[in-house]
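> For reference, this is input_6.txt, and it has compact mmCIF, C-alpha atoms.
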```txt
# COMPACT_ATOMS: atom_id res chain seq x y z
CA MET A 1406 0.00 0.00 0.00
CA ASP A 1407 2.78 2.38 0.91
CA ILE A 1408 4.54 1.72 -2.35
CA VAL A 1409 1.47 2.93 -4.28
CA PHE A 1410 1.42 6.22 -2.37
CA ASP A 1411 5.14 6.65 -2.86
CA LEU A 1412 4.91 5.98 -6.58
CA VAL A 1413 2.02 8.44 -7.04
CA ALA A 1414 3.85 11.06 -4.98
CA TRP A 1415 7.04 10.64 -6.98
CA ALA A 1416 5.16 10.69 -10.28
CA CYS A 1417 3.54 14.01 -9.28
CA ILE A 1418 6.82 15.52 -8.12
CA VAL A 1419 8.73 14.43 -11.24
CA ALA A 1420 5.93 15.75 -13.47
CA GLY A 1421 5.96 19.01 -11.52
CA LEU A 1422 9.70 19.33 -12.02
CA PHE A 1423 9.22 18.65 -15.72
CA PHE A 1424 6.76 21.54 -16.01
CA MET A 1425 9.04 23.80 -13.96
CA LEU A 1426 11.91 22.96 -16.31
CA THR A 1427 9.77 23.41 -19.44
CA GLY A 1428 8.57 26.78 -18.15
CA THR A 1429 12.17 27.84 -17.59
CA VAL A 1430 13.18 26.69 -21.07
CA GLY A 1431 10.22 28.65 -22.42
CA ILE A 1432 11.32 31.82 -20.61
CA LEU A 1433 14.71 31.46 -22.28
CA ARG A 1434 13.47 30.51 -25.75
CA LEU A 1435 10.47 32.78 -26.28
CA PRO A 1436 11.07 36.15 -27.96
CA ASP A 1437 9.45 38.88 -25.82
CA VAL A 1438 8.00 39.73 -22.42
CA TYR A 1439 4.40 38.81 -23.27
CA THR A 1440 5.16 35.38 -24.70
CA ARG A 1441 7.52 34.68 -21.81
CA LEU A 1442 4.69 35.32 -19.37
CA HIS A 1443 2.87 32.33 -20.87
CA ALA A 1444 5.82 30.10 -20.01
CA ALA A 1445 6.13 31.62 -16.55
CA GLY A 1446 2.45 30.86 -15.98
CA MET A 1447 3.16 27.17 -16.50
CA THR A 1448 5.55 27.00 -13.56
CA ASP A 1449 2.92 28.54 -11.26
CA THR A 1450 -0.09 26.49 -12.25
CA MET A 1451 1.25 23.05 -13.16
CA GLY A 1452 4.80 23.08 -11.84
CA ALA A 1453 3.98 24.22 -8.32
CA GLY A 1454 0.59 22.49 -8.46
CA LEU A 1455 2.01 19.04 -9.17
CA LEU A 1456 4.80 19.48 -6.63
CA LEU A 1457 2.21 20.39 -3.98
CA ALA A 1458 0.00 17.48 -5.11
CA GLY A 1459 2.95 15.11 -4.64
CA MET A 1460 3.54 16.45 -1.15
CA ALA A 1461 -0.19 16.14 -0.40
CA VAL A 1462 -0.08 12.44 -1.30
CA VAL A 1463 2.77 11.98 1.18
CA THR A 1464 0.75 13.71 3.92
CA VAL A 1465 -2.27 11.50 3.18
CA GLU A 1466 0.01 8.49 3.56
CA GLY A 1467 1.16 9.89 6.91
CA MET A 1468 -2.45 10.38 8.03
CA ILE A 1469 -3.27 6.77 7.20
CA HIS A 1470 -0.40 5.79 9.47
CA GLY A 1471 -2.19 7.68 12.22
CA GLU A 1472 -0.06 10.81 12.45
CA ALA A 1473 -2.66 13.51 13.04
CA GLY A 1474 -0.16 16.31 12.52
CA TYR A 1475 -0.11 15.58 8.81
CA GLY A 1476 -3.69 16.76 8.50
CA PHE A 1477 -2.57 20.31 9.22
CA VAL A 1478 0.21 20.02 6.68
CA LEU A 1479 -2.35 18.91 4.08
CA VAL A 1480 -4.59 21.91 4.84
CA ARG A 1481 -1.59 24.22 4.49
CA LEU A 1482 -0.57 22.68 1.16
CA VAL A 1483 -4.09 23.21 -0.19
CA LEU A 1484 -4.11 26.80 1.08
CA THR A 1485 -0.70 27.41 -0.53
CA TYR A 1486 -2.07 26.38 -3.89
CA ALA A 1487 -5.24 28.42 -3.37
CA PHE A 1488 -3.16 31.55 -2.73
CA LEU A 1489 -1.03 30.81 -5.80
CA LEU A 1490 -4.19 30.52 -7.90
CA PHE A 1491 -5.38 33.94 -6.74
CA THR A 1492 -2.09 35.84 -6.81
CA SER A 1493 -0.17 34.52 -9.81
CA PRO A 1494 -2.64 35.70 -12.52
CA ILE A 1495 -2.70 39.14 -10.90
CA ALA A 1496 1.10 39.35 -11.02
CA THR A 1497 1.10 38.15 -14.65
CA HIS A 1498 -1.58 40.68 -15.56
CA ALA A 1499 0.34 43.49 -13.83
CA LEU A 1500 3.54 42.61 -15.73
CA ALA A 1501 1.71 42.55 -19.06
CA ARG A 1502 0.02 45.88 -18.27
CA ALA A 1503 3.36 47.38 -17.28
CA GLY A 1504 4.84 46.23 -20.59
CA LEU A 1505 2.00 47.81 -22.56
CA ALA A 1506 2.14 51.00 -20.51
CA GLY A 1507 5.89 51.17 -21.13
CA GLY A 1508 5.27 50.94 -24.88
CA VAL A 1509 6.73 47.46 -25.48
CA GLN A 1510 5.26 46.26 -28.77
CA PRO A 1511 4.19 42.59 -28.78
CA TRP A 1512 6.38 40.40 -30.96
CA THR A 1513 4.58 38.92 -33.98
CA ALA A 1514 5.58 36.17 -36.38
CA ASP A 1515 4.09 37.96 -39.39
CA GLU A 1516 6.61 40.76 -39.87
CA GLU A 1517 10.22 39.72 -39.57
CA GLY A 1518 11.09 39.94 -35.89
CA GLY A 1519 8.08 42.10 -35.06
CA ALA A 1520 8.10 45.81 -34.30
CA MET B 731 -23.99 42.20 9.00
CA LEU B 732 -24.34 38.63 7.78
CA ARG B 733 -21.30 39.24 5.58
CA ALA B 734 -19.28 40.48 8.56
CA ILE B 735 -20.15 37.34 10.54
CA GLY B 736 -19.27 35.21 7.53
CA LEU B 737 -15.93 37.00 7.14
CA GLY B 738 -15.21 36.45 10.84
CA ALA B 739 -16.06 32.75 10.57
CA VAL B 740 -13.82 32.29 7.52
CA LEU B 741 -10.96 34.16 9.19
CA TYR B 742 -11.27 32.12 12.37
CA GLY B 743 -11.37 28.86 10.41
CA PHE B 744 -8.24 29.98 8.58
CA TRP B 745 -6.56 30.95 11.84
CA ILE B 746 -7.35 27.60 13.48
CA SER B 747 -6.14 25.59 10.49
CA LEU B 748 -2.82 27.42 10.53
CA SER B 749 -2.35 27.46 14.29
CA GLY B 750 -2.76 23.84 15.38
CA HIS B 751 -2.74 24.83 19.06
CA TYR B 752 -5.94 24.38 21.07
CA THR B 753 -5.24 25.95 24.43
CA PRO B 754 -7.99 28.33 25.64
CA LEU B 755 -5.56 31.27 25.72
CA LEU B 756 -4.48 30.89 22.09
CA LEU B 757 -8.01 30.18 20.86
CA SER B 758 -9.31 33.35 22.51
CA LEU B 759 -6.38 35.40 21.21
CA GLY B 760 -7.25 34.17 17.71
CA ALA B 761 -10.90 35.10 18.21
CA VAL B 762 -9.94 38.59 19.39
CA SER B 763 -7.71 39.20 16.39
CA CYS B 764 -10.44 38.00 13.99
CA VAL B 765 -12.96 40.35 15.59
CA LEU B 766 -10.44 43.19 15.29
CA VAL B 767 -9.85 42.46 11.60
CA VAL B 768 -13.61 42.36 10.93
CA TYR B 769 -14.04 45.66 12.79
CA LEU B 770 -11.24 47.31 10.78
CA SER B 771 -12.65 45.90 7.50
CA MET B 772 -16.06 47.37 8.33
CA ARG B 773 -14.50 50.75 9.11
CA MET B 774 -12.67 50.57 5.76
CA GLU B 775 -16.04 49.76 4.15
CA VAL B 776 -14.66 46.77 2.26
CA VAL B 777 -17.20 44.29 3.67
CA ASP B 778 -19.46 44.33 0.60
CA SER B 779 -20.33 42.00 -2.26
CA GLU B 780 -16.92 42.68 -3.82
CA GLY B 781 -14.67 42.51 -0.75
CA VAL B 782 -16.35 39.48 0.84
CA PRO B 783 -17.94 37.61 -2.09
CA LEU B 784 -19.39 34.80 0.01
CA HIS B 785 -22.51 34.65 -2.17
CA VAL B 786 -20.52 33.18 -5.07
CA ALA B 787 -18.24 30.95 -2.94
CA GLY B 788 -20.24 27.74 -3.50
CA ARG B 789 -20.66 28.26 -7.23
CA PHE B 790 -17.01 29.27 -7.51
CA LEU B 791 -15.91 26.00 -5.88
CA ALA B 792 -18.15 24.13 -8.33
CA TYR B 793 -16.43 26.01 -11.19
CA LEU B 794 -12.89 25.18 -10.00
CA PRO B 795 -12.69 21.54 -11.21
CA TRP B 796 -13.56 22.61 -14.75
CA LEU B 797 -11.01 25.42 -14.58
CA MET B 798 -8.34 23.01 -13.31
CA LYS B 799 -9.09 20.68 -16.21
CA GLU B 800 -8.70 23.56 -18.67
CA VAL B 801 -5.45 24.65 -17.00
CA PHE B 802 -4.14 21.09 -17.26
CA VAL B 803 -5.00 20.76 -20.97
CA ALA B 804 -3.63 24.21 -21.81
CA ASN B 805 -0.40 23.50 -19.93
CA ILE B 806 0.26 20.44 -22.05
CA VAL B 807 -0.41 22.40 -25.25
CA VAL B 808 1.98 25.19 -24.22
CA ALA B 809 4.62 22.71 -23.05
CA LYS B 810 4.49 21.01 -26.44
CA THR B 811 4.82 24.35 -28.21
CA ILE B 812 7.82 25.38 -26.13
CA LEU B 813 9.64 22.06 -26.50
CA HIS B 814 8.89 21.82 -30.23
CA PRO B 815 12.19 22.31 -32.10
CA LYS B 816 10.73 25.05 -34.32
CA MET B 817 8.60 26.58 -31.55
CA PRO B 818 5.53 27.28 -33.72
CA ILE B 819 4.20 30.41 -32.01
CA SER B 820 2.09 33.14 -33.59
CA PRO B 821 1.36 35.60 -30.79
CA ARG B 822 -1.46 38.07 -31.24
CA MET B 823 -3.74 40.45 -29.40
CA VAL B 824 -7.48 39.95 -29.62
CA VAL B 825 -10.49 41.57 -28.01
CA PHE B 826 -13.10 39.29 -26.46
CA HIS B 827 -16.54 40.46 -25.47
CA GLY B 828 -17.40 39.16 -21.99
CA SER B 829 -20.94 38.81 -20.68
CA GLN B 830 -20.36 39.56 -16.97
CA ASP B 831 -22.29 42.41 -15.32
CA THR B 832 -20.27 43.01 -12.16
CA ASP B 833 -16.62 43.83 -11.55
CA LEU B 834 -16.37 40.66 -9.46
CA GLY B 835 -17.51 38.51 -12.39
CA ARG B 836 -15.11 40.30 -14.72
CA ALA B 837 -12.24 39.74 -12.29
CA ILE B 838 -13.05 36.01 -12.08
CA PHE B 839 -13.18 35.76 -15.88
CA ALA B 840 -10.00 37.82 -16.48
CA ASN B 841 -8.03 35.82 -13.91
CA SER B 842 -9.33 32.53 -15.34
CA ILE B 843 -8.05 33.56 -18.77
CA THR B 844 -4.65 34.52 -17.36
CA LEU B 845 -4.41 31.34 -15.28
CA THR B 846 -4.81 29.22 -18.40
CA PRO B 847 -1.39 29.16 -20.07
CA GLY B 848 -1.47 30.39 -23.65
CA THR B 849 -3.77 33.33 -22.95
CA ILE B 850 -3.21 36.43 -20.80
CA THR B 851 -5.67 39.23 -20.09
CA THR B 852 -3.75 42.44 -20.70
CA GLY B 853 -6.61 44.87 -20.21
CA VAL B 854 -10.29 45.14 -19.34
CA HIS B 855 -12.40 48.07 -20.53
CA GLY B 856 -16.03 47.58 -19.55
CA GLN B 857 -17.12 44.38 -21.27
CA GLU B 858 -14.09 44.28 -23.61
CA PHE B 859 -11.30 41.92 -22.57
CA GLN B 860 -8.00 42.46 -24.35
CA ILE B 861 -6.24 39.09 -24.57
CA HIS B 862 -2.70 38.20 -25.61
CA ALA B 863 -2.52 34.69 -27.04
CA LEU B 864 0.63 32.66 -27.55
CA SER B 865 -0.56 31.08 -30.79
CA ALA B 866 -3.54 31.50 -33.06
CA ALA B 867 -4.53 27.88 -32.41
CA ASP B 868 -5.28 28.79 -28.78
CA LEU B 869 -8.11 30.99 -30.00
CA GLU B 870 -9.66 28.62 -32.52
CA THR B 871 -11.25 26.47 -29.86
CA ASP B 872 -14.39 27.70 -28.11
CA GLU B 873 -12.65 27.49 -24.73
CA GLU B 874 -13.01 31.25 -24.15
CA GLU B 875 -16.75 31.19 -24.92
CA GLN B 876 -17.27 28.29 -22.51
CA MET B 877 -15.22 30.01 -19.83
CA ASP B 878 -17.20 33.20 -20.33
CA ALA B 879 -20.52 31.39 -19.95
CA ARG B 880 -19.32 29.53 -16.86
CA CYS B 881 -17.98 32.68 -15.19
CA THR B 882 -21.28 34.44 -15.83
CA ARG B 883 -23.03 31.48 -14.22
CA VAL B 884 -20.75 31.76 -11.18
CA GLU B 885 -21.64 35.44 -10.96
CA ARG B 886 -25.39 35.23 -11.45
CA GLY B 887 -26.21 31.82 -10.04
CA ARG B 888 -28.70 30.72 -12.66
CA ARG B 889 -28.19 28.74 -15.80
CA ALA B 890 -27.05 31.27 -18.37
```
Can you present the structure in this file as structure tokens?


Amino acid sequence: MDIVFDLVAWACIVAGLFFMLTGTVGILRLPDVYTRLHAAGMTDTMGAGLLLAGMAVVTVEGMIHGEAGYGFVLVRLVLTYAFLLFTSPIATHALARAGLAGGVQPWTADEEGGA
Amino acid sequence: MLRAIGLGAVLYGFWISLSGHYTPLLLSLGAVSCVLVVYLSMRMEVVDSEGVPLHVAGRFLAYLPWLMKEVFVANIVVAKTILHPKMPISPRMVVFHGSQDTDLGRAIFANSITLTPGTITTGVHGQEFQIHALSAADLETDEEEQMDARCTRVERGRRA
């Protein structure tokens, strides 16, 4: 039984790391601030989300073993993700607005290299 | 007044779940600080349908699983695009007409768009949502229309 929990937890954590890494690669590869925000959004939603999900599975395993303290950890993990869900789009939106207000033209594929 | 009590209850629940200590002294200290925060919020006049949107809380929780599914699907699409050797992106700005009536509904919709990788809300003017999309393919699906209808349902509470 424990092995199942461990495997699920590790699968979530490895997948989370994959999305973190892909988001980072995207930040390096993409051409301008607006497109890079899309990649940065991946690390918040899926990267952090899957890492937290992996940790949550471990806490559930701990609770099954009768360690009540893990219940609090689980609640905190869920709250962490909830706060990420509310704050990260606002930060992304603020960055995009700041770019537009600063006169950064969005990169387009149509003209060579954009504006 | 009901909103103030609701805010206090939510704050105290939050406090208890983070504290983990159940001695009478700490519990009463937590209660006092929650009452103080509610009092200050009322003096700041932020305890209204926008500051404490408890009336949409249930419907919002019902909306979350669908949003998470969309976020999951969109993440995989964006990850594929980024890792593709040629990186086939075609970024563009579009304007989407939302159907929400209140600022709260618009905020839920705008944040849902931003949360889904591949689309970012860059501006909201009345009902017009300015969206930056990573590739044109992101806009060809009717995902935005569905999200719009669901956010309006969260806001209004009846089948839209």

> So that I can see what lies close to His751 in chain B, please list as a PyMOL selection string the residues with an atom at most 12 Å from it, counting only C-alpha atoms and leaving out residues fewer than 6 positions away in the same chain.

(chain A and resi 1474+1477) or (chain B and resi 745+757-760)

> Taking all atoms listed in the file into account, what are the residues of chain A at most 8 Å from chain B, put as a ChimeraX atom specification?

/A:1424,1427-1428,1430-1431,1434-1435,1439-1440,1443-1444,1446-1447,1450-1451,1477,1480-1481,1490-1491,1493-1495,1497-1498,1501-1502,1511-1515

> Write out, as a compact mmCIF listing (two decimals), in the frame of the given file, the residues just selected, with C-alpha atoms.


```txt
# COMPACT_ATOMS: atom_id res chain seq x y z
CA PHE A 1424 6.76 21.54 -16.01
CA THR A 1427 9.77 23.41 -19.44
CA GLY A 1428 8.57 26.78 -18.15
CA VAL A 1430 13.18 26.69 -21.07
CA GLY A 1431 10.22 28.65 -22.42
CA ARG A 1434 13.47 30.51 -25.75
CA LEU A 1435 10.47 32.78 -26.28
CA TYR A 1439 4.40 38.81 -23.27
CA THR A 1440 5.16 35.38 -24.70
CA HIS A 1443 2.87 32.33 -20.87
CA ALA A 1444 5.82 30.10 -20.01
CA GLY A 1446 2.45 30.86 -15.98
CA MET A 1447 3.16 27.17 -16.50
CA THR A 1450 -0.09 26.49 -12.25
CA MET A 1451 1.25 23.05 -13.16
CA PHE A 1477 -2.57 20.31 9.22
CA VAL A 1480 -4.59 21.91 4.84
CA ARG A 1481 -1.59 24.22 4.49
CA LEU A 1490 -4.19 30.52 -7.90
CA PHE A 1491 -5.38 33.94 -6.74
CA SER A 1493 -0.17 34.52 -9.81
CA PRO A 1494 -2.64 35.70 -12.52
CA ILE A 1495 -2.70 39.14 -10.90
CA THR A 1497 1.10 38.15 -14.65
CA HIS A 1498 -1.58 40.68 -15.56
CA ALA A 1501 1.71 42.55 -19.06
CA ARG A 1502 0.02 45.88 -18.27
CA PRO A 1511 4.19 42.59 -28.78
CA TRP A 1512 6.38 40.40 -30.96
CA THR A 1513 4.58 38.92 -33.98
CA ALA A 1514 5.58 36.17 -36.38
CA ASP A 1515 4.09 37.96 -39.39
```

> Show me as a ChimeraX atom specification the residues that reach within 10 Å of (-13.0, 46.5, -18.7), counting only C-alpha atoms and using the file's own coordinates.

/B:827-828,833,836-837,840,853-860

> Using all atoms listed in the file, pick whichever of A:Leu1442, A:Ala1487, A:Phe1423, A:Thr1464 has the shortest atom-to-atom distance to Leu1500 in chain A.

A:Leu1442

> So that I can see what lies close to Val1413 in chain A, please list as a PyMOL selection string the residues with an atom at most 8 Å from it, counting only C-alpha atoms and leaving out residues fewer than 3 positions away in the same chain.

chain A and resi 1409-1410+1416-1417+1459+1462

> What is the CA of Val803 in chain B to CA of Ile1408 in chain A distance in Å?

28.3 Å
